[in-house]
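This report refers to the structure that appears directly beneath it.
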Amino acid sequence: MPLIGLYNPVCGDCSAQRFFESDVVPLLQAHNKALDALFVTKHPGHAGELVFAFLQTIRDDVTIILGSGDGTLHEILNFLALNVTGSVPRLRFVVIPCGTANALYSSIFPPSPVEQESGAYRLKSLQSYLDSSRTIPLTLAIATLWSRPNDNKPPQSVTSAVVLSTSLHASILHDSEALREEIPGIQRRLLPAPDTGKVQIYNPATQTFVDHPESNEADPIVDLDGPFAYFLSTVNVDRLEPNFRIAPLAQRIPSKEATCEVVLVRPMRDPSIHLDSSESRSSFVPKLWTVLTAAYQDGAHIDLRYTSNGDVTASGDGPVVVEYIRCGGWEWIPVSPVVAQSKDVELSTISLG
């Protein structure tokens, strides 16, 4: 099986090249493993081009030692999805965390505070490969994006192995210095999970997933009305950075099938909010920060509840603040017909060393 290395020299703290030279390559040599090729990305999207070009020269399955963050893996998957026709060799990724957040790596190898910055921690995936440990299949989320009806553009597909987000989370990614003043007013349709045939929701009282009250055998699809302050959908990961465990049930109660973890906050569930107004949106911001802060406390946000006057508490039996849903996909339908978006999940043949 061909073995190649690929790293992004400018991701994260720009340490990928140095770490490959000082740790990765010497560890491979110590185990009598030689790279058939070592690639360095030079511009956005280059990683996908490099992997695609290499695949044209071989027919065997390939192991890729990937020094990057989640974004470079995303580039590879999407370039291959758009350009590969017919069968493709099986890819095995050995991830070396060199990015900013490294969500996928830290979800598979949750770090302790002591080891998080150590070189040995960053080599855990590589050591697993050298030890011939079992591989972990990746679930890929396929998002299909439609343009406005009058644009006459074909739909576009995006492949994700980590996250697809909207509302506050997408806003933070776009501009980390300020919150959006708007909370999008949209509707989402949740599609049933393949293993149960229904949409499931987490019940903090029993600490289990139960069938969503609006999902049944006759009509398993659930419609949720906005506005949404937070909407995050993940696959494969329980965190978006080492300590931000936003989807903890992906590891605590793992799904047996390919499903989405959907974490959402809808302000109109707050007992103190009766009208969607600029004042109510502003008053909700501190409560949303309480949710996000609790996510750093080993995912404690999923157990938060409202009191009768709308305060957020970690105890009691009031309405849950965070709706944690497991489903087979979702559709986003804007109030005004601007852009519609759907997401379906399938199990890929890509695995992680």
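FYI, nothing fancy with the structure tokens labels: chains A, B, ... in order, residues from 1 per chain, ligands from 1 as they appear.
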Which residues, written as an NGL selection string, have at least one atom at most 7 Å from stretch 239-254 of chain A, with only C-alpha atoms counted and residues fewer than 3 positions away on the same chain left out? :A and (101-103 or 106-107 or 110-111 or 261 or 263 or 295-296 or 298-299)
Per DSSP on the backbone, what are the helix (DSSP H, G or I) residues of stretch 161-318 of chain A, as a PyMOL selection string? chain A and resi 167-174+249-252+267-269+278-295+300-303
Write the selection just made, keeping N, CA, C and O atoms, as a compact mmCIF listing (two decimals), in the first residue's frame?
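That gives us result-v5.txt:
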# COMPACT_ATOMS: atom_id res chain seq x y z
N SER A 167 -26.57 30.05 11.69
CA SER A 167 -26.91 30.89 12.83
C SER A 167 -25.65 31.40 13.52
O SER A 167 -24.68 31.75 12.85
N LEU A 168 -25.63 31.40 14.84
CA LEU A 168 -24.52 32.03 15.57
C LEU A 168 -23.19 31.36 15.26
O LEU A 168 -22.18 32.03 15.08
N HIS A 169 -23.18 30.02 15.18
CA HIS A 169 -21.89 29.36 14.96
C HIS A 169 -21.25 29.78 13.65
O HIS A 169 -20.06 30.08 13.60
N ALA A 170 -22.03 29.83 12.59
CA ALA A 170 -21.47 30.26 11.31
C ALA A 170 -21.04 31.71 11.36
O ALA A 170 -20.05 32.11 10.75
N SER A 171 -21.76 32.52 12.13
CA SER A 171 -21.41 33.93 12.26
C SER A 171 -20.08 34.09 12.98
O SER A 171 -19.25 34.92 12.62
N ILE A 172 -19.86 33.27 14.01
CA ILE A 172 -18.59 33.34 14.74
C ILE A 172 -17.43 32.94 13.84
O ILE A 172 -16.36 33.55 13.86
N LEU A 173 -17.64 31.92 13.01
CA LEU A 173 -16.60 31.53 12.08
C LEU A 173 -16.28 32.65 11.10
O LEU A 173 -15.14 32.85 10.71
N HIS A 174 -17.32 33.39 10.71
CA HIS A 174 -17.13 34.46 9.73
C HIS A 174 -16.52 35.69 10.37
O HIS A 174 -15.70 36.38 9.79
N LEU A 249 -22.56 13.84 23.10
CA LEU A 249 -23.21 12.55 23.01
C LEU A 249 -22.71 11.72 21.83
O LEU A 249 -22.98 10.52 21.75
N ALA A 250 -21.98 12.35 20.91
CA ALA A 250 -21.40 11.59 19.82
C ALA A 250 -20.43 10.54 20.34
O ALA A 250 -20.26 9.48 19.73
N GLN A 251 -19.83 10.81 21.51
CA GLN A 251 -18.91 9.85 22.15
C GLN A 251 -19.58 9.13 23.32
O GLN A 251 -19.37 7.93 23.51
N ARG A 252 -20.40 9.84 24.08
CA ARG A 252 -21.02 9.21 25.26
C ARG A 252 -22.05 8.16 24.86
O ARG A 252 -22.15 7.10 25.47
N PRO A 267 -34.63 30.69 20.83
CA PRO A 267 -34.98 31.63 21.90
C PRO A 267 -36.46 31.62 22.29
O PRO A 267 -36.79 31.92 23.44
N MET A 268 -37.34 31.27 21.37
CA MET A 268 -38.76 31.31 21.70
C MET A 268 -39.17 30.22 22.68
O MET A 268 -40.30 30.22 23.18
N ARG A 269 -38.26 29.31 23.02
CA ARG A 269 -38.53 28.33 24.07
C ARG A 269 -38.35 28.94 25.46
O ARG A 269 -38.77 28.36 26.46
N SER A 278 -36.30 43.04 18.73
CA SER A 278 -34.88 43.38 18.92
C SER A 278 -34.52 43.37 20.39
O SER A 278 -33.41 42.98 20.78
N GLU A 279 -35.47 43.78 21.25
CA GLU A 279 -35.20 43.78 22.69
C GLU A 279 -35.04 42.35 23.22
O GLU A 279 -34.13 42.07 24.01
N SER A 280 -35.94 41.47 22.79
CA SER A 280 -35.85 40.09 23.28
C SER A 280 -34.59 39.41 22.75
O SER A 280 -33.97 38.61 23.46
N ARG A 281 -34.18 39.74 21.54
CA ARG A 281 -32.96 39.16 21.00
C ARG A 281 -31.74 39.63 21.79
O ARG A 281 -30.83 38.84 22.09
N SER A 282 -31.71 40.89 22.12
CA SER A 282 -30.58 41.42 22.90
C SER A 282 -30.54 40.79 24.28
O SER A 282 -29.46 40.47 24.80
N SER A 283 -31.71 40.61 24.89
CA SER A 283 -31.75 40.05 26.24
C SER A 283 -31.35 38.58 26.25
O SER A 283 -30.95 38.04 27.29
N PHE A 284 -31.44 37.94 25.10
CA PHE A 284 -31.12 36.51 25.04
C PHE A 284 -29.62 36.26 24.88
O PHE A 284 -29.15 35.16 25.18
N VAL A 285 -28.87 37.26 24.45
CA VAL A 285 -27.44 37.07 24.19
C VAL A 285 -26.69 36.53 25.42
O VAL A 285 -25.92 35.57 25.30
N PRO A 286 -26.86 37.09 26.62
CA PRO A 286 -26.13 36.53 27.77
C PRO A 286 -26.48 35.07 28.04
O PRO A 286 -25.62 34.30 28.49
N LYS A 287 -27.71 34.68 27.77
CA LYS A 287 -28.10 33.29 27.99
C LYS A 287 -27.40 32.37 26.99
O LYS A 287 -27.01 31.25 27.33
N LEU A 288 -27.23 32.88 25.78
CA LEU A 288 -26.53 32.08 24.78
C LEU A 288 -25.06 31.91 25.15
O LEU A 288 -24.47 30.84 24.97
N TRP A 289 -24.47 32.97 25.70
CA TRP A 289 -23.08 32.84 26.15
C TRP A 289 -22.97 31.85 27.31
O TRP A 289 -21.96 31.14 27.45
N THR A 290 -24.00 31.76 28.14
CA THR A 290 -24.01 30.76 29.21
C THR A 290 -23.97 29.36 28.62
O THR A 290 -23.26 28.48 29.12
N VAL A 291 -24.73 29.14 27.55
CA VAL A 291 -24.73 27.85 26.88
C VAL A 291 -23.35 27.53 26.34
O VAL A 291 -22.81 26.43 26.55
N LEU A 292 -22.76 28.47 25.62
CA LEU A 292 -21.46 28.21 24.99
C LEU A 292 -20.36 28.02 26.03
O LEU A 292 -19.45 27.22 25.84
N THR A 293 -20.44 28.75 27.13
CA THR A 293 -19.46 28.58 28.20
C THR A 293 -19.57 27.19 28.81
O THR A 293 -18.56 26.54 29.10
N ALA A 294 -20.81 26.71 28.99
CA ALA A 294 -21.01 25.37 29.57
C ALA A 294 -20.49 24.28 28.66
O ALA A 294 -20.12 23.19 29.13
N ALA A 295 -20.43 24.55 27.36
CA ALA A 295 -19.88 23.55 26.43
C ALA A 295 -18.41 23.29 26.73
O ALA A 295 -17.89 22.20 26.45
N ALA A 300 -21.46 20.38 29.43
CA ALA A 300 -22.54 20.53 30.42
C ALA A 300 -23.75 21.30 29.88
O ALA A 300 -24.81 21.32 30.52
N HIS A 301 -23.62 21.95 28.73
CA HIS A 301 -24.71 22.76 28.20
C HIS A 301 -25.95 21.94 27.86
O HIS A 301 -27.06 22.47 27.87
N ILE A 302 -25.78 20.65 27.56
CA ILE A 302 -26.93 19.87 27.13
C ILE A 302 -27.90 19.57 28.27
O ILE A 302 -29.01 19.08 28.03
N ASP A 303 -27.50 19.85 29.52
CA ASP A 303 -28.37 19.62 30.67
C ASP A 303 -28.97 20.91 31.23
O ASP A 303 -29.67 20.87 32.24
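The two atoms in question, atom CA of A:Leu3 and atom CA of A:Ser157, are spaced 29.3 Å apart.
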For A:His31, work out the shell of residues within 8 Å, counting only C-alpha atoms and skipping chain neighbours fewer than 3 positions away, then give it as a PyMOL selection string. chain A and resi 27-28+130
Here atom CA of A:Tyr324 and atom CA of A:Ile142 stand apart by 20.4 Å
List as a ChimeraX atom specification the protein and nucleic acid residues near stretch 73-80 of chain A, meaning an atom at most 9 Å away when only C-alpha atoms are counted, but skip any in the same chain fewer than 2 places from it. /A:44-52,66,68-71,82-85,157-162
